[in-house]
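K.L.:
The structure that follows is given in the form of structure tokens.
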Amino acid sequence: MTERLQNWWIGLSPRERWLVGIAGVLALGVLVWGLGRPAVAAFGDLESGHRAAIEREGRVAAKVQLLAQRPEKSVAATVDAVAIDQYLAQSAGEIGLTLDRNEARGAGQATIAIATARAPVLTDWLASLEGQGFVVDQLTITPAADGTVGLTAELRKGGR
């Protein structure tokens, strides 16, 4: 087989040898590109997935640690001296959220609304309120076109 290939190569003119050589190099380049590009993309996806998983693991570990540090008596039960709407406004303001609606509804209940906020900040704030003993009775979160979310919720003081 190699002898037949060698005889064929010798039978070509110098110009034909150059053209066959260039065609071979181009074919090899296409083959390497066709196999290498998907492999590089796959490794890139693996790396980004790994980074996202590590970030999620860190957030979960931080939330578990936060839940492990629950006080003996809930903050909601000790907020009796301050109206619930004032406490919610102060708590939201401390992390940069603005309550667009904050109405007290009877003893220990309030209805709040936030027009725009980043979803992780909003859910972390709600989780911290639940960790302090507040109960979310009704919750509506609506996405906005700019990547933020809006919130309407009814909260009440929970006793432990």
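Every chain in the structure tokens has a letter given in the order shown (A, B, ...), and although residue numbers restart at 1 in each chain, ligands are simply numbered from 1 in the order shown.
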List every residue of chain A that DSSP, applied to the backbone of this structure, assigns to strand (DSSP E), and report them as a PyMOL selection string.
P.N.:
chain A and resi 101-104+109-117+134-143+149-157
K.L.:
Of the candidates A:Trp125, A:Ala42, A:Ala53, A:Gly34, which one gets nearest to A:Gln90 if we count only C-alpha atoms?
P.N.:
A:Trp125
K.L.:
Would you mind listing what lies within 9 Å of A:Leu99 as a tab-separated table (two decimals) with all heavy atoms, in the first residue's frame, with only C-alpha atoms counted and same-chain residues fewer than 4 positions away left out?
P.N.:
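See selection.tsv below for the written result:
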```tsv
chain	number	residue	atom	x	y	z
A	88	LEU	N	-40.54	47.16	60.16
A	88	LEU	CA	-40.29	46.71	58.78
A	88	LEU	C	-39.61	47.79	57.95
A	88	LEU	O	-38.70	47.50	57.17
A	88	LEU	CB	-41.59	46.25	58.13
A	88	LEU	CG	-42.22	44.98	58.72
A	88	LEU	CD1	-43.58	44.73	58.10
A	88	LEU	CD2	-41.30	43.79	58.51
A	89	ALA	N	-40.04	49.03	58.11
A	89	ALA	CA	-39.42	50.13	57.37
A	89	ALA	C	-37.95	50.30	57.77
A	89	ALA	O	-37.09	50.49	56.92
A	89	ALA	CB	-40.19	51.43	57.61
A	92	ALA	N	-35.92	47.22	56.41
A	92	ALA	CA	-35.72	47.31	54.97
A	92	ALA	C	-34.71	48.42	54.64
A	92	ALA	O	-33.85	48.25	53.77
A	92	ALA	CB	-37.04	47.57	54.26
A	93	GLY	N	-34.82	49.54	55.33
A	93	GLY	CA	-33.91	50.65	55.07
A	93	GLY	C	-32.47	50.33	55.39
A	93	GLY	O	-31.55	50.84	54.75
A	112	ILE	N	-46.96	45.10	52.96
A	112	ILE	CA	-45.86	45.88	52.38
A	112	ILE	C	-45.82	45.68	50.88
A	112	ILE	O	-46.32	44.67	50.36
A	112	ILE	CB	-44.50	45.52	53.00
A	112	ILE	CG1	-44.16	44.04	52.74
A	112	ILE	CG2	-44.47	45.83	54.48
A	112	ILE	CD1	-42.74	43.67	53.09
A	113	ALA	N	-45.22	46.64	50.20
A	113	ALA	CA	-44.99	46.54	48.76
A	113	ALA	C	-43.66	47.20	48.44
A	113	ALA	O	-43.33	48.25	49.00
A	113	ALA	CB	-46.12	47.21	47.97
A	114	ILE	N	-42.90	46.56	47.58
A	114	ILE	CA	-41.63	47.10	47.10
A	114	ILE	C	-41.70	47.06	45.58
A	114	ILE	O	-41.96	46.01	44.99
A	114	ILE	CB	-40.44	46.26	47.61
A	114	ILE	CG1	-40.38	46.33	49.13
A	114	ILE	CG2	-39.14	46.74	46.99
A	114	ILE	CD1	-39.33	45.45	49.76
A	115	ALA	N	-41.49	48.22	44.94
A	115	ALA	CA	-41.63	48.30	43.49
A	115	ALA	C	-40.47	47.62	42.76
A	115	ALA	O	-40.70	46.83	41.85
A	115	ALA	CB	-41.74	49.76	43.05
```
K.L.:
I'd like to know which residues of chain A are alpha helix (DSSP H) (by DSSP, run on the backbone); could you write them as number ranges by chain?
P.N.:
A: 2-11, 14-68, 75-78, 84-94, 119-131
K.L.:
Can you tell me how far atom CA of A:Thr2 sits from atom CA of A:Ala23, in Å to one decimal?
P.N.:
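Spanning atom CA of A:Thr2 to atom CA of A:Ala23 is a straight-line distance of 19.5 Å.
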K.L.:
Closest to A:Asp85 among A:Ala110, A:Thr123, A:Arg101, A:Gly49, using only C-alpha atoms?
P.N.:
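Of A:Ala110, A:Thr123, A:Arg101, A:Gly49, the one nearest A:Asp85 is A:Ala110, counting only C-alpha atoms.
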K.L.:
Tell me which protein, DNA and RNA residues are within 8 Å of A:Thr142, counting only C-alpha atoms, leaving out same-chain ones fewer than 4 positions away, and put them as a PyMOL selection string.
P.N.:
chain A and resi 149-151
K.L.:
Measuring atom to atom with only C-alpha atoms, identify which of A:Arg105, A:Arg37, A:Arg118, A:Arg4 is nearest to A:Pro143.
P.N.:
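Of all the options, A:Arg118 lies closest to A:Pro143.
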K.L.:
Which one is closest to A:Gly21: A:Gly36, A:Trp9, A:Gly58, A:Ala83? Count only C-alpha atoms.
P.N.:
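Of A:Gly36, A:Trp9, A:Gly58, A:Ala83, the one nearest A:Gly21 is A:Trp9, counting only C-alpha atoms.
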K.L.:
Applying 10 Å and only C-alpha atoms, which residues near A:Leu126 remain after dropping the ones on its own chain fewer than 5 positions away? List them as a list in words.
P.N.:
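Residues near the query, excluding close chain neighbours: Ala92, Pro120, Val121, Gly131, Gln132, Phe134, Val135, Val136, Ala153 and Leu155 of chain A.
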K.L.:
Distance atom CA of A:Gln65-atom CA of A:Glu130, one decimal place?
P.N.:
14.8 Å
K.L.:
At what distance in Å, to one decimal, does atom CA of A:Gly29 lie from atom CA of A:Pro14?
P.N.:
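About the pair atom CA of A:Pro14 and atom CA of A:Gly29: they are 22.7 Å apart.
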